[in-house]
>>> print(open('entry_19.csv').read())   # CSV, C-alpha atoms and all ligand atoms
chain,number,residue,atom,x,y,z
A,1,MET,CA,23.5,11.0,-5.1
A,2,ILE,CA,24.2,14.4,-3.6
A,3,PHE,CA,24.3,14.7,0.2
A,4,VAL,CA,24.7,17.6,2.6
A,5,GLN,CA,26.4,17.3,6.0
A,6,ALA,CA,24.1,16.4,8.8
A,7,LYS,CA,23.8,19.3,11.2
A,8,GLY,CA,23.6,19.2,14.9
A,9,TYR,CA,23.4,15.5,15.4
A,10,GLY,CA,26.2,15.0,17.9
A,11,ASN,CA,29.0,12.8,16.8
A,12,GLN,CA,27.3,11.2,13.9
A,13,LYS,CA,29.1,13.2,11.3
A,14,GLU,CA,29.4,10.3,9.0
A,15,ILE,CA,25.6,10.4,8.2
A,16,ASN,CA,24.6,11.5,4.8
A,17,TYR,CA,21.7,13.8,5.1
A,18,PRO,CA,19.9,13.7,1.7
A,19,ALA,CA,20.1,17.2,0.2
A,20,TYR,CA,16.6,17.1,-1.3
A,21,MET,CA,15.1,16.7,2.2
A,22,GLN,CA,16.3,20.2,3.2
A,23,GLY,CA,13.3,21.6,1.4
A,24,ILE,CA,10.8,19.8,3.6
A,25,ASN,CA,9.6,21.7,6.6
A,26,TYR,CA,9.3,19.2,9.4
A,27,GLY,CA,8.9,22.0,12.0
A,28,THR,CA,9.8,21.3,15.6
A,29,GLY,CA,6.7,19.3,16.7
A,30,ILE,CA,6.3,15.6,16.2
A,31,THR,CA,6.2,14.1,12.7
A,32,TYR,CA,4.0,11.0,12.8
A,33,VAL,CA,5.0,8.1,10.6
A,34,ILE,CA,2.0,5.9,9.9
A,35,GLY,CA,0.8,3.1,7.6
A,36,HIS,CA,-2.6,2.0,6.4
A,37,LYS,CA,-5.5,0.9,8.5
A,38,PRO,CA,-5.9,-1.9,9.5
A,39,PRO,CA,-2.1,-2.4,9.7
A,40,ASP,CA,-0.2,-5.3,8.3
A,41,SER,CA,3.4,-5.9,9.3
A,42,ASP,CA,4.6,-3.5,6.5
A,43,SER,CA,2.4,-0.8,8.1
A,44,VAL,CA,3.8,-1.5,11.6
A,45,CYS,CA,7.4,-2.7,11.3
A,46,THR,CA,8.4,-0.4,8.4
A,47,VAL,CA,6.8,2.5,10.2
A,48,ILE,CA,9.0,1.8,13.2
A,49,ALA,CA,12.1,1.4,11.1
A,50,TYR,CA,11.5,4.6,9.1
A,51,ALA,CA,10.7,6.7,12.2
A,52,ASN,CA,14.0,5.5,13.6
A,53,LEU,CA,15.8,6.5,10.4
A,54,LYS,CA,14.2,10.0,10.5
A,55,ARG,CA,15.3,10.4,14.1
A,56,GLN,CA,18.9,9.5,13.2
A,57,LEU,CA,18.6,12.3,10.6
A,58,GLY,CA,17.6,14.7,13.3
A,59,ILE,CA,13.8,14.8,12.7
A,60,ASN,CA,11.4,14.5,15.6
A,61,ALA,CA,9.6,11.5,14.2
A,62,GLU,CA,7.5,8.9,16.0
A,63,ALA,CA,5.9,5.7,14.8
A,64,ARG,CA,2.1,5.3,15.1
A,65,ILE,CA,-0.5,2.8,14.1
A,66,GLY,CA,-4.1,3.4,13.0
A,67,SER,CA,-5.6,0.4,14.8
A,68,PRO,CA,-4.4,-2.6,16.8
A,69,ILE,CA,-1.7,-4.8,15.2
A,70,ASN,CA,-2.3,-8.4,14.0
A,71,ALA,CA,-0.7,-11.6,15.5
A,72,GLU,CA,2.1,-11.6,12.9
A,73,SER,CA,3.3,-8.1,13.8
A,74,ALA,CA,2.9,-9.0,17.4
A,75,TYR,CA,5.2,-12.0,16.9
A,76,ALA,CA,7.8,-9.8,15.2
A,77,LEU,CA,7.7,-7.0,17.8
A,78,ASN,CA,7.9,-9.5,20.7
A,79,TYR,CA,10.7,-11.4,19.0
A,80,PHE,CA,12.9,-8.3,18.6
A,81,GLY,CA,11.8,-6.7,21.9
A,82,VAL,CA,10.3,-3.6,20.2
A,83,PRO,CA,7.3,-1.9,21.9
A,84,VAL,CA,4.0,-1.6,20.0
A,85,PRO,CA,3.5,1.9,18.7
A,86,LYS,CA,0.8,4.1,20.1
A,87,VAL,CA,-2.5,4.5,18.1
A,88,LEU,CA,-3.1,7.8,16.3
A,89,ASP,CA,-6.9,8.2,15.9
A,90,ASN,CA,-6.9,11.3,13.7
A,91,ALA,CA,-4.3,12.9,11.4
A,92,ALA,CA,-6.0,16.3,11.1
A,93,GLY,CA,-3.5,19.1,11.5
A,94,LYS,CA,-0.6,16.8,12.1
A,95,ASN,CA,2.7,16.4,10.3
A,96,ILE,CA,2.5,13.0,8.6
A,97,ILE,CA,4.7,10.6,6.7
A,98,LEU,CA,2.6,7.9,5.0
A,99,ILE,CA,4.0,4.5,4.7
A,100,ASP,CA,2.7,1.6,2.5
A,101,HIS,CA,-0.3,3.5,1.0
A,102,ASN,CA,-1.2,6.5,-1.0
A,103,SER,CA,-4.9,7.0,-0.7
A,104,PHE,CA,-7.3,8.5,1.8
A,105,ALA,CA,-9.5,5.4,1.6
A,106,GLN,CA,-6.8,3.3,3.3
A,107,ALA,CA,-5.6,6.1,5.7
A,108,ILE,CA,-6.7,6.9,9.2
A,109,PRO,CA,-9.4,9.6,9.6
A,110,GLY,CA,-8.5,13.2,9.2
A,111,MET,CA,-5.7,12.5,6.6
A,112,ASN,CA,-7.3,15.0,4.1
A,113,LYS,CA,-6.6,17.7,6.7
A,114,ALA,CA,-3.1,16.5,7.6
A,115,ASN,CA,0.2,18.0,6.6
A,116,ILE,CA,1.6,15.2,4.5
A,117,LEU,CA,5.4,15.6,4.2
A,118,GLU,CA,6.4,12.3,2.7
A,119,ILE,CA,5.0,9.1,1.2
A,120,ILE,CA,7.1,5.9,1.1
A,121,ASP,CA,5.2,3.3,-0.8
A,122,HIS,CA,5.2,0.4,-3.3
A,123,HIS,CA,1.6,0.5,-4.5
A,124,ASN,CA,0.0,1.8,-7.7
A,125,LEU,CA,-1.1,5.4,-7.5
A,126,ILE,CA,-4.8,5.7,-6.7
A,127,GLY,CA,-4.5,9.5,-6.7
A,128,ASP,CA,-6.8,11.2,-4.3
A,129,ILE,CA,-4.0,12.7,-2.1
A,130,ARG,CA,-3.4,16.4,-2.4
A,131,THR,CA,-0.8,18.4,-0.6
A,132,SER,CA,-0.2,22.1,-0.1
A,133,ALA,CA,3.6,21.9,-0.7
A,134,PRO,CA,5.9,19.6,-2.7
A,135,ILE,CA,6.6,16.4,-0.8
A,136,TYR,CA,9.2,13.7,-0.8
A,137,TYR,CA,7.4,10.8,-2.5
A,138,ARG,CA,9.2,7.6,-3.1
A,139,ASN,CA,7.3,4.9,-4.8
A,140,LEU,CA,9.3,1.9,-6.1
A,141,PRO,CA,7.9,-1.3,-7.7
A,142,VAL,CA,9.4,-3.6,-5.0
A,143,GLY,CA,7.8,-6.2,-2.8
A,144,CYS,CA,7.7,-4.2,0.4
A,145,ALA,CA,8.0,-0.6,1.7
A,146,SER,CA,10.8,-1.8,4.0
A,147,THR,CA,13.0,-2.6,1.0
A,148,ILE,CA,12.8,1.2,0.2
A,149,VAL,CA,13.6,2.1,3.8
A,150,TRP,CA,16.5,-0.3,3.8
A,151,LEU,CA,17.8,1.4,0.7
A,152,GLU,CA,17.5,4.8,2.5
A,153,TYR,CA,19.4,3.6,5.6
A,154,ASN,CA,22.2,2.6,3.2
A,155,GLU,CA,22.0,5.9,1.2
A,156,ALA,CA,22.1,7.9,4.4
A,157,ASN,CA,24.8,5.6,5.9
A,158,VAL,CA,22.8,5.2,9.1
A,159,PRO,CA,23.7,2.0,11.1
A,160,ILE,CA,21.0,-0.7,11.3
A,161,ASP,CA,20.8,-2.3,14.7
A,162,ARG,CA,19.4,-5.8,15.4
A,163,ALA,CA,15.9,-4.6,16.3
A,164,MET,CA,15.6,-2.3,13.2
A,165,ALA,CA,17.0,-5.1,11.0
A,166,GLY,CA,14.4,-7.4,12.5
A,167,MET,CA,11.6,-4.9,11.8
A,168,MET,CA,12.5,-4.5,8.1
A,169,LEU,CA,13.2,-8.2,7.7
A,170,SER,CA,9.8,-9.2,9.1
A,171,ALA,CA,8.0,-6.7,6.9
A,172,ILE,CA,9.7,-7.9,3.8
A,173,LEU,CA,9.1,-11.6,4.6
A,174,SER,CA,5.4,-10.8,5.3
A,175,ASP,CA,4.7,-8.7,2.3
A,176,THR,CA,6.5,-11.1,-0.1
A,177,ASP,CA,5.4,-14.3,1.5
A,178,ASN,CA,9.0,-15.3,2.3
A,179,LEU,CA,10.2,-13.9,-1.1
A,180,GLN,CA,7.7,-16.2,-3.0
A,181,SER,CA,5.1,-13.6,-4.1
A,182,SER,CA,5.0,-12.4,-7.7
A,183,THR,CA,5.9,-8.9,-6.4
A,184,THR,CA,9.3,-10.0,-5.2
A,185,THR,CA,12.3,-8.3,-6.8
A,186,ASP,CA,16.1,-8.8,-6.6
A,187,LEU,CA,16.2,-5.7,-4.4
A,188,ASP,CA,13.9,-7.4,-1.8
A,189,ARG,CA,16.2,-10.5,-2.0
A,190,GLN,CA,19.3,-8.3,-1.4
A,191,ALA,CA,17.6,-6.6,1.5
A,192,VAL,CA,16.6,-9.9,3.1
A,193,ALA,CA,20.2,-11.2,2.7
A,194,ALA,CA,21.7,-8.2,4.4
A,195,LEU,CA,19.0,-7.8,7.1
A,196,GLU,CA,18.9,-11.5,8.2
A,197,LYS,CA,22.5,-11.3,9.2
A,198,LYS,CA,22.0,-8.0,11.2
A,199,ALA,CA,18.8,-9.4,12.8
A,200,GLY,CA,20.6,-12.6,13.8
A,201,ILE,CA,18.1,-14.8,12.0
A,202,LYS,CA,19.9,-18.0,10.9
A,203,ASP,CA,16.9,-19.7,9.4
A,204,CYS,CA,14.6,-17.3,7.6
A,205,ASP,CA,12.1,-20.0,6.5
A,206,SER,CA,11.4,-21.1,10.1
A,207,TYR,CA,11.2,-17.5,11.4
A,208,PHE,CA,8.7,-16.7,8.6
A,209,LEU,CA,6.6,-19.8,9.4
A,210,SER,CA,6.5,-19.0,13.1
A,211,MET,CA,5.3,-15.6,12.3
A,212,GLU,CA,2.7,-16.9,9.9
A,213,LYS,CA,1.5,-19.7,12.2
A,214,ASP,CA,0.5,-17.1,14.8
A,215,LEU,CA,-1.3,-15.0,12.1
A,216,ALA,CA,-3.1,-18.0,10.4
A,217,ALA,CA,-4.4,-19.3,13.7
A,218,TYR,CA,-6.8,-16.3,14.0
A,219,ASN,CA,-7.1,-17.2,17.6
A,220,ASP,CA,-10.2,-15.9,19.4
A,221,MET,CA,-11.3,-14.0,16.3
A,222,SER,CA,-14.8,-13.9,14.9
A,223,GLU,CA,-15.5,-14.3,11.1
A,224,LYS,CA,-15.9,-10.5,10.9
A,225,ASP,CA,-12.6,-9.9,12.7
A,226,ILE,CA,-10.8,-12.3,10.4
A,227,PHE,CA,-12.4,-10.9,7.2
A,228,TYR,CA,-11.4,-7.3,8.2
A,229,SER,CA,-7.9,-8.2,9.6
A,230,ASP,CA,-6.3,-7.5,6.2
A,231,TYR,CA,-8.8,-5.7,4.1
A,232,LYS,CA,-8.7,-2.8,1.6
A,233,GLU,CA,-11.3,-0.8,-0.2
A,234,PHE,CA,-11.3,0.5,-3.8
A,235,ASN,CA,-13.5,2.3,-6.2
A,236,ILE,CA,-13.6,2.2,-10.0
A,237,ASP,CA,-16.1,4.2,-12.0
A,238,GLY,CA,-18.5,4.4,-9.1
A,239,VAL,CA,-18.3,0.7,-8.2
A,240,SER,CA,-17.1,0.3,-4.6
A,241,TYR,CA,-15.4,-3.0,-3.7
A,242,GLY,CA,-13.4,-4.4,-0.9
A,243,CYS,CA,-10.8,-7.2,-0.9
A,244,ALA,CA,-9.8,-9.2,2.1
A,245,THR,CA,-6.7,-11.3,2.3
A,246,VAL,CA,-6.6,-14.3,4.6
A,247,LEU,CA,-3.9,-16.8,5.2
A,248,ALA,CA,-4.1,-20.6,5.8
A,249,LEU,CA,-1.4,-23.0,6.7
A,250,THR,CA,-2.6,-25.9,4.5
A,251,PRO,CA,-4.8,-26.4,1.5
A,252,ALA,CA,-7.4,-28.1,3.8
A,253,LYS,CA,-7.4,-25.1,6.1
A,254,ARG,CA,-7.8,-22.8,3.1
A,255,GLU,CA,-11.0,-24.7,2.0
A,256,GLU,CA,-12.3,-24.7,5.6
A,257,MET,CA,-11.8,-20.9,5.7
A,258,GLU,CA,-13.4,-20.3,2.3
A,259,LYS,CA,-16.5,-22.0,3.6
A,260,ARG,CA,-16.5,-20.4,7.1
A,261,LEU,CA,-16.0,-16.9,5.9
A,262,GLY,CA,-18.1,-17.4,2.8
A,263,LYS,CA,-21.1,-18.2,5.0
A,264,TRP,CA,-20.5,-15.1,7.1
A,265,ILE,CA,-20.2,-12.8,4.0
A,266,GLN,CA,-23.4,-14.2,2.5
A,267,GLN,CA,-25.3,-13.5,5.7
A,268,ASN,CA,-23.7,-10.1,6.2
A,269,PHE,CA,-23.2,-8.8,2.7
A,270,ASN,CA,-25.9,-6.1,2.8
A,271,SER,CA,-24.6,-4.5,6.0
A,272,GLN,CA,-21.1,-4.1,4.6
A,273,LYS,CA,-22.3,-1.3,2.2
A,274,MET,CA,-20.0,-2.3,-0.7
A,275,ASP,CA,-21.1,-3.1,-4.2
A,276,MET,CA,-18.7,-6.1,-4.3
A,277,LEU,CA,-16.7,-8.1,-1.8
A,278,PHE,CA,-13.8,-10.3,-2.6
A,279,LEU,CA,-11.9,-12.7,-0.4
A,280,LYS,CA,-8.4,-13.9,-1.4
A,281,ILE,CA,-7.1,-16.9,0.6
A,282,HIS,CA,-3.8,-18.6,0.1
A,283,ASP,CA,-2.1,-21.4,1.9
A,284,LEU,CA,1.5,-21.6,2.9
A,285,GLU,CA,2.1,-25.1,1.8
A,286,THR,CA,1.3,-24.9,-1.9
A,287,TYR,CA,0.9,-21.1,-2.2
A,288,GLN,CA,-2.2,-21.8,-4.2
A,289,ALA,CA,-4.7,-18.9,-3.9
A,290,THR,CA,-8.5,-18.6,-4.5
A,291,LEU,CA,-10.7,-15.6,-4.9
A,292,SER,CA,-14.3,-15.8,-3.5
A,293,CYS,CA,-16.6,-13.3,-5.2
A,294,TYR,CA,-19.7,-11.7,-3.6
A,295,GLY,CA,-22.2,-9.1,-4.9
A,296,LYS,CA,-23.8,-8.3,-8.3
A,297,GLY,CA,-21.2,-8.5,-11.1
A,298,ALA,CA,-18.4,-9.7,-8.8
A,299,LEU,CA,-18.2,-13.2,-10.2
A,300,GLU,CA,-18.5,-12.0,-13.8
A,301,SER,CA,-15.7,-9.5,-13.2
A,302,GLY,CA,-13.6,-12.1,-11.4
A,303,GLU,CA,-14.1,-14.7,-14.1
A,304,ALA,CA,-13.3,-12.2,-16.8
A,305,ALA,CA,-10.0,-11.5,-15.1
A,306,PHE,CA,-9.0,-14.9,-13.9
A,307,GLY,CA,-11.0,-17.6,-15.7
A,308,LYS,CA,-13.8,-19.9,-14.6
A,309,GLY,CA,-14.7,-20.4,-11.0
A,310,ASN,CA,-16.1,-23.3,-9.0
A,311,GLY,CA,-19.3,-21.7,-8.0
A,312,ASN,CA,-18.3,-18.3,-6.8
A,313,ILE,CA,-14.7,-19.4,-5.9
A,314,ILE,CA,-12.1,-18.8,-8.6
A,315,PRO,CA,-8.7,-20.5,-8.5
A,316,LEU,CA,-5.9,-18.0,-8.9
A,317,GLY,CA,-2.9,-20.3,-9.3
A,318,THR,CA,0.2,-19.8,-7.2
A,319,ASN,CA,1.9,-16.8,-5.7
A,320,MET,CA,-0.8,-14.3,-6.6
A,321,SER,CA,-0.5,-11.1,-4.6
A,322,ARG,CA,-3.6,-9.0,-3.8
A,323,LYS,CA,-1.8,-6.2,-5.6
A,324,LYS,CA,-1.9,-8.2,-8.8
A,325,VAL,CA,-5.4,-9.4,-8.1
A,326,ILE,CA,-6.6,-5.8,-7.9
A,327,ARG,CA,-4.6,-4.8,-11.0
A,328,LEU,CA,-6.4,-7.4,-13.1
A,329,LEU,CA,-9.7,-7.1,-11.4
A,330,GLN,CA,-10.1,-3.3,-11.7
A,331,PRO,CA,-10.4,-3.2,-15.5
A,332,ALA,CA,-12.7,-6.2,-15.4
A,333,ILE,CA,-15.0,-4.4,-13.0
A,334,ALA,CA,-14.9,-1.3,-15.2
A,335,ASN,CA,-15.9,-3.4,-18.2
A,336,TRP,CA,-18.7,-5.1,-16.3
A,337,ARG,CA,-20.0,-1.7,-15.2
A,338,LEU,CA,-19.9,-0.4,-18.9
A,339,SER,CA,-21.7,-3.5,-20.2
A,340,SER,CA,-24.3,-3.6,-17.4
A,341,ALA,CA,-25.1,0.1,-17.8
A,342,SER,CA,-25.8,-0.2,-21.5
B,1,MN,MN,0.4,-3.2,3.5
B,2,MN,MN,3.4,-3.3,1.7
>>> encode(input="entry_19.csv", output="C-alpha cells", more="lines below")
Ligand code: MN
Ligand code: MN
Amino acid sequence: MIFVQAKGYGNQKEINYPAYMQGINYGTGITYVIGHKPPDSDSVCTVIAYANLKRQLGINAEARIGSPINAESAYALNYFGVPVPKVLDNAAGKNIILIDHNSFAQAIPGMNKANILEIIDHHNLIGDIRTSAPIYYRNLPVGCASTIVWLEYNEANVPIDRAMAGMMLSAILSDTDNLQSSTTTDLDRQAVAALEKKAGIKDCDSYFLSMEKDLAAYNDMSEKDIFYSDYKEFNIDGVSYGCATVLALTPAKREEMEKRLGKWIQQNFNSQKMDMLFLKIHDLETYQATLSCYGKGALESGEAAFGKGNGNIIPLGTNMSRKKVIRLLQPAIANWRLSSAS
C-alpha cells in the first residue's frame, strides 16, 4: 500500500495518510458519517469509530444517526462511556460518508441530494446511488463494517483506544451474532481477537449476551416498534418487500414472538404499503431461525427459497443471516413475479 505523509496533524507524524484519499475533496465543513435507518449497532458504533479515524487523519468528521438507537447499541455506548451521536434528519447538500449500506432506500432522507464522499460497506450492491465525483468505496465480503474500519486503523497506523475498540468490537459481535453467523470470516475473528484486548473485555461471550439481553427484552416496545426496530426494504422487478429481524433469547421466546408479531402483521398488513413482509426471528440459545411470510406470493417465494413451511412460518436452520435470506429470497420473488404475470 502507498501512503503519503500526514500533513498538519501535530505530532502524529507516524500516521499513514492513504494516498488515494488525497483526491477526495472533504472541504472545510463537517463531513457527516452515518449508517442506515433505523440504526443497528453497526450503523452506530462503526460510525463513531470511523468518524474518529477520519478525525485522526485530519478530516472534520462527525458521527450521526438517522433515528434513535436500539437497546443493544445503548448498552455498548453506556459500557464504554461513549455519548450517543446526534440525529441527522436530512442529508441534502451535506458531505456524507455512508456506513453499512449502499442504497437510498435504507438511507436517511435527502441522500439523493447529498455529496457522498465515501461508502464503507459489506452488503451486496443494490445500485441506486449516483455521485458527481469518484468516491472512495470499500466493500468487503466480511461480517461487519467495523472489520473494514479496524483494517483501516491498522493501515493508517492510527492507535485504537479502549472506547473505539469497544465500539468496533460491539458492532462485530452484533452483526456476526458473536462470530456465529454464516457471514463471519477469519478477518472478523482476527479483528475481535485484537479488539477484545484493547477494549478490556475478558469474556466476549458474556459481554455479547448482556448486550443481546437488553435488545431481546424489547422493553416498553409495541409490536410495531419491535417489528421496525431492525427492518429493511427491498424491491425486485417492481415487487416491494420488507424484512424485519427480531431476536429472542430462547426457542420458547422465539415462538412467542412469532405469534405476537404475526398477529400484529396480519392486522396491519394493508397499512404497511408493501407487497410482501417477512419476519426473521432467531434465538440465542440454538441459533435456529424462522421466516414468517405475509402478503400475496410471500409464502410461495419463501418456500421456493427455503423449503416447506409450517403454515406461513418457514424454518431456516441455524446461523442464517438476513443478508443470506435476502440473497436467496430475491430470485425466488423474481421467479414468482414472472410466473404470476404469465
Ligand atoms: Mn446494519
Ligand atoms: Mn453491518
>>> residues_near_ligand(input="entry_19.csv", ligand="ligand MN 1 (chain B)", cutoff="10 Å", atoms="all atoms listed in the file", output="number ranges by chain")
A: 35-44, 46, 99-101, 106, 121-123, 144-145, 171, 174-175, 230-232, 323
>>> atom_distance(input="entry_19.csv", atom1="atom CA of A:Tyr136", atom2="atom CA of A:Asn90")
21.8 Å
>>> atom_distance(input="entry_19.csv", atom1="atom CA of A:Ala289", atom2="atom CA of A:Leu277")
16.3 Å
>>> residues_around(input="entry_19.csv", residues="A:Glu255", least_positions_apart="5", cutoff="12 Å", atoms="all atoms listed in the file", output="ChimeraX atom specification")
/A:246-250,260-262,280-283,288-292,313,315
>>> closest_residue(input="entry_19.csv", among="A:Glu14, A:Asp161, A:Glu72, A:Glu233", to="A:Met274", atoms="only C-alpha atoms")
A:Glu233
>>> atom_distance(input="entry_19.csv", atom1="atom CA of A:Ala163", atom2="atom CA of A:Thr184")
23.1 Å
>>> residues_around(input="entry_19.csv", residues="A:Ile314", least_positions_apart="2", cutoff="12 Å", atoms="all atoms listed in the file", output="PyMOL selection string")
chain A and resi 258+278-281+288-294+298-312+316-317+325
>>> closest_residue(input="entry_19.csv", among="A:Glu285, A:Leu98, A:Asp214, A:Pro159", to="ligand MN 2 (chain B)", atoms="only C-alpha atoms and all ligand atoms")
A:Leu98
>>> closest_residue(input="entry_19.csv", among="A:Ser146, A:Asn112, A:Thr31, A:Ser229", to="A:Ala51", atoms="only C-alpha atoms")
A:Thr31
>>> residues_around(input="entry_19.csv", residues="A:Ser181", least_positions_apart="3", cutoff="7 Å", atoms="all atoms listed in the file", output="list in words")
Thr176, Asp177, Thr184, Asn319, Met320 and Ser321 of chain A
>>> closest_residue(input="entry_19.csv", among="A:Ala63, A:Ala194, A:Ile135, A:Ala341", to="A:Tyr20", atoms="only C-alpha atoms")
A:Ile135
>>> closest_residue(input="entry_19.csv", among="A:Leu338, A:Met257, A:Ile96, A:Ala49", to="A:Ala217", atoms="all atoms listed in the file")
A:Met257
>>> residues_around(input="entry_19.csv", residues="A:Met164", least_positions_apart="2", cutoff="10 Å", atoms="all atoms listed in the file", output="list in words")
Cys45, Thr46, Ile48, Ala49, Tyr50, Asn52, Leu53, Phe80, Val82, Trp150, Pro159, Ile160, Asp161, Arg162, Gly166, Met167, Met168, Leu169, Ser170, Leu195, Lys198 and Ala199 of chain A
>>> residues_around(input="entry_19.csv", residues="A:Ala92", least_positions_apart="4", cutoff="10 Å", atoms="all atoms listed in the file", output="list in words")
Ile96, Ile108, Pro109, Gly110, Met111, Asn112, Lys113, Ala114 and Asn115 of chain A
>>> closest_residue(input="entry_19.csv", among="A:Pro331, A:Gly200, A:Gly295, A:Pro141", to="ligand MN 2 (chain B)", atoms="all atoms listed in the file")
A:Pro141
>>> residues_near_point(input="entry_19.csv", point="(-3.4, 6.5, 11.4)", cutoff="6 Å", atoms="only C-alpha atoms", output="ChimeraX atom specification")
/A:34,65-66,88-89,108
